[in-house]
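**Student:** I have a structure here, written as structure tokens, and I will follow up with some questions on it.
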Amino acid sequence: MNFNYCLSKINFAGRFEIIDNMILDGAHNGQKMASFLESLCKIFDNQKFNFVLAVKKEKDSLSILEQFVKYQNHINKIVL
């Protein structure tokens, strides 16, 4: 069995989870948000997205928001 094929079938709830026409991700720090945005823009190249963000008070919201600068061409709007 192909190892890469098996890995592509793994699904973690709340990590790049596609429901109807929405993509949910529980990125809770800058590093995870960077990874999410990179994957999103590779998979859905040349598309713009609306983002809805909710960040807990104790999280580093600045490091999370900074990740969007690199991908500004893929952003239609961000709702905080």
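Residue names in the structure tokens use chain letters A, B, ... in the order shown, residue numbers from 1 in each chain, and ligand numbers from 1 in the order shown.
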What lies within 9 Å of stretch 61-74 of chain A using only C-alpha atoms, ignoring chain neighbours under 5 positions off, as a list in words?

**Tutor:**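 In the requested form, the answer reads Ala27, His28, Asn29, Gly30, Gln31, Lys32, Met33, Ala34, Leu37, Glu38, Cys41, Asp45, Asn46, Gln47, Lys48, Phe49, Asn50, Val55 and Lys56 of chain A.
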
**Student:** Go through chain A and collect every residue that DSSP, computed from the backbone, puts in strand (DSSP E); the answer should be as a VMD selection string.

**Tutor:** chain A and resid 17 to 19 22 to 24 49 to 52 75 to 79

**Student:** Generate a file of the selected residues that holds C-alpha atoms, formatted as a short mmCIF file (atom, residue, chain, number, x, y, z; two decimals), in the first residue's frame.

**Tutor:**
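Output below, filename part35.cif:
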data_model
loop_
_atom_site.label_atom_id
_atom_site.label_comp_id
_atom_site.auth_asym_id
_atom_site.auth_seq_id
_atom_site.Cartn_x
_atom_site.Cartn_y
_atom_site.Cartn_z
CA GLU A 17 -12.11 20.36 7.45
CA ILE A 18 -14.33 21.00 4.44
CA ILE A 19 -18.05 21.27 5.21
CA MET A 22 -16.62 26.28 4.05
CA ILE A 23 -13.18 25.27 5.23
CA LEU A 24 -12.74 25.07 9.00
CA PHE A 49 -11.50 33.99 0.39
CA ASN A 50 -13.60 35.46 3.16
CA PHE A 51 -12.18 34.66 6.58
CA VAL A 52 -13.96 34.63 9.92
CA ILE A 75 -8.18 37.72 0.76
CA ASN A 76 -11.54 39.20 -0.04
CA LYS A 77 -12.34 40.15 3.56
CA ILE A 78 -11.56 39.23 7.15
CA VAL A 79 -14.20 39.35 9.86
#

**Student:** Can you list, as a list in words, all residues belonging to chain A that DSSP tags as alpha helix (DSSP H)?

**Tutor:**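 Residues meeting the alpha helix (DSSP H) criterion: Phe3, Asn4, Tyr5, Cys6, Leu7, Ser8, Gly30, Gln31, Lys32, Met33, Ala34, Ser35, Phe36, Leu37, Glu38, Ser39, Leu40, Cys41, Lys42, Ile43, Ser61, Leu62, Ser63, Ile64, Leu65 and Glu66 of chain A.
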
**Student:** For the selection just defined, write its residues with N, CA, C and O atoms to a file, as a compact mmCIF listing (two decimals), in the first residue's frame.

**Tutor:**
# COMPACT_ATOMS: atom_id res chain seq x y z
N PHE A 3 2.21 4.62 1.04
CA PHE A 3 2.20 5.37 2.31
C PHE A 3 1.62 6.77 2.12
O PHE A 3 0.83 7.23 2.94
N ASN A 4 2.01 7.47 1.05
CA ASN A 4 1.50 8.82 0.81
C ASN A 4 -0.01 8.81 0.57
O ASN A 4 -0.70 9.73 1.00
N TYR A 5 -0.50 7.79 -0.09
CA TYR A 5 -1.94 7.68 -0.31
C TYR A 5 -2.65 7.54 1.03
O TYR A 5 -3.66 8.19 1.27
N CYS A 6 -2.12 6.71 1.90
CA CYS A 6 -2.73 6.51 3.23
C CYS A 6 -2.75 7.82 4.02
O CYS A 6 -3.75 8.15 4.65
N LEU A 7 -1.66 8.57 3.97
CA LEU A 7 -1.61 9.85 4.69
C LEU A 7 -2.61 10.84 4.14
O LEU A 7 -3.18 11.64 4.90
N SER A 8 -2.86 10.80 2.84
CA SER A 8 -3.79 11.75 2.23
C SER A 8 -5.24 11.47 2.66
O SER A 8 -6.09 12.33 2.51
N GLY A 30 0.56 31.52 15.29
CA GLY A 30 1.06 32.00 14.01
C GLY A 30 1.58 30.90 13.11
O GLY A 30 1.35 30.90 11.90
N GLN A 31 2.29 29.93 13.70
CA GLN A 31 2.87 28.84 12.91
C GLN A 31 1.77 27.99 12.26
O GLN A 31 1.86 27.63 11.08
N LYS A 32 0.74 27.67 13.00
CA LYS A 32 -0.34 26.85 12.45
C LYS A 32 -1.15 27.63 11.41
O LYS A 32 -1.59 27.08 10.41
N MET A 33 -1.33 28.94 11.65
CA MET A 33 -2.05 29.76 10.67
C MET A 33 -1.25 29.86 9.38
O MET A 33 -1.81 29.79 8.28
N ALA A 34 0.07 30.01 9.49
CA ALA A 34 0.92 30.07 8.30
C ALA A 34 0.80 28.78 7.50
O ALA A 34 0.68 28.81 6.26
N SER A 35 0.80 27.65 8.17
CA SER A 35 0.67 26.36 7.50
C SER A 35 -0.69 26.23 6.82
O SER A 35 -0.80 25.77 5.68
N PHE A 36 -1.74 26.64 7.52
CA PHE A 36 -3.09 26.58 6.95
C PHE A 36 -3.19 27.44 5.70
O PHE A 36 -3.68 27.00 4.65
N LEU A 37 -2.73 28.69 5.79
CA LEU A 37 -2.84 29.61 4.65
C LEU A 37 -2.01 29.14 3.46
O LEU A 37 -2.44 29.25 2.31
N GLU A 38 -0.84 28.61 3.73
CA GLU A 38 0.00 28.09 2.65
C GLU A 38 -0.71 26.96 1.91
O GLU A 38 -0.77 26.94 0.68
N SER A 39 -1.27 26.02 2.66
CA SER A 39 -1.99 24.90 2.05
C SER A 39 -3.21 25.37 1.29
O SER A 39 -3.47 24.94 0.17
N LEU A 40 -3.97 26.27 1.89
CA LEU A 40 -5.18 26.79 1.26
C LEU A 40 -4.86 27.43 -0.08
O LEU A 40 -5.52 27.16 -1.09
N CYS A 41 -3.83 28.25 -0.11
CA CYS A 41 -3.49 28.98 -1.34
C CYS A 41 -2.84 28.09 -2.40
O CYS A 41 -2.95 28.37 -3.59
N LYS A 42 -2.21 27.00 -1.97
CA LYS A 42 -1.67 26.05 -2.95
C LYS A 42 -2.80 25.24 -3.59
O LYS A 42 -2.82 25.02 -4.79
N ILE A 43 -3.74 24.80 -2.78
CA ILE A 43 -4.83 23.96 -3.27
C ILE A 43 -5.82 24.77 -4.10
O ILE A 43 -6.29 24.32 -5.13
N SER A 61 -2.73 36.90 19.20
CA SER A 61 -3.52 37.28 18.02
C SER A 61 -2.68 38.02 16.98
O SER A 61 -2.91 37.87 15.78
N LEU A 62 -1.70 38.79 17.41
CA LEU A 62 -0.87 39.53 16.46
C LEU A 62 -0.09 38.58 15.55
O LEU A 62 -0.06 38.77 14.34
N SER A 63 0.50 37.52 16.11
CA SER A 63 1.25 36.57 15.28
C SER A 63 0.33 35.82 14.32
O SER A 63 0.73 35.45 13.22
N ILE A 64 -0.91 35.61 14.73
CA ILE A 64 -1.88 34.95 13.86
C ILE A 64 -2.26 35.88 12.71
O ILE A 64 -2.23 35.50 11.54
N LEU A 65 -2.56 37.13 13.02
CA LEU A 65 -2.97 38.09 11.99
C LEU A 65 -1.83 38.44 11.04
O LEU A 65 -2.07 38.68 9.85
N GLU A 66 -0.61 38.46 11.53
CA GLU A 66 0.55 38.77 10.67
C GLU A 66 0.69 37.80 9.51
O GLU A 66 1.21 38.16 8.45
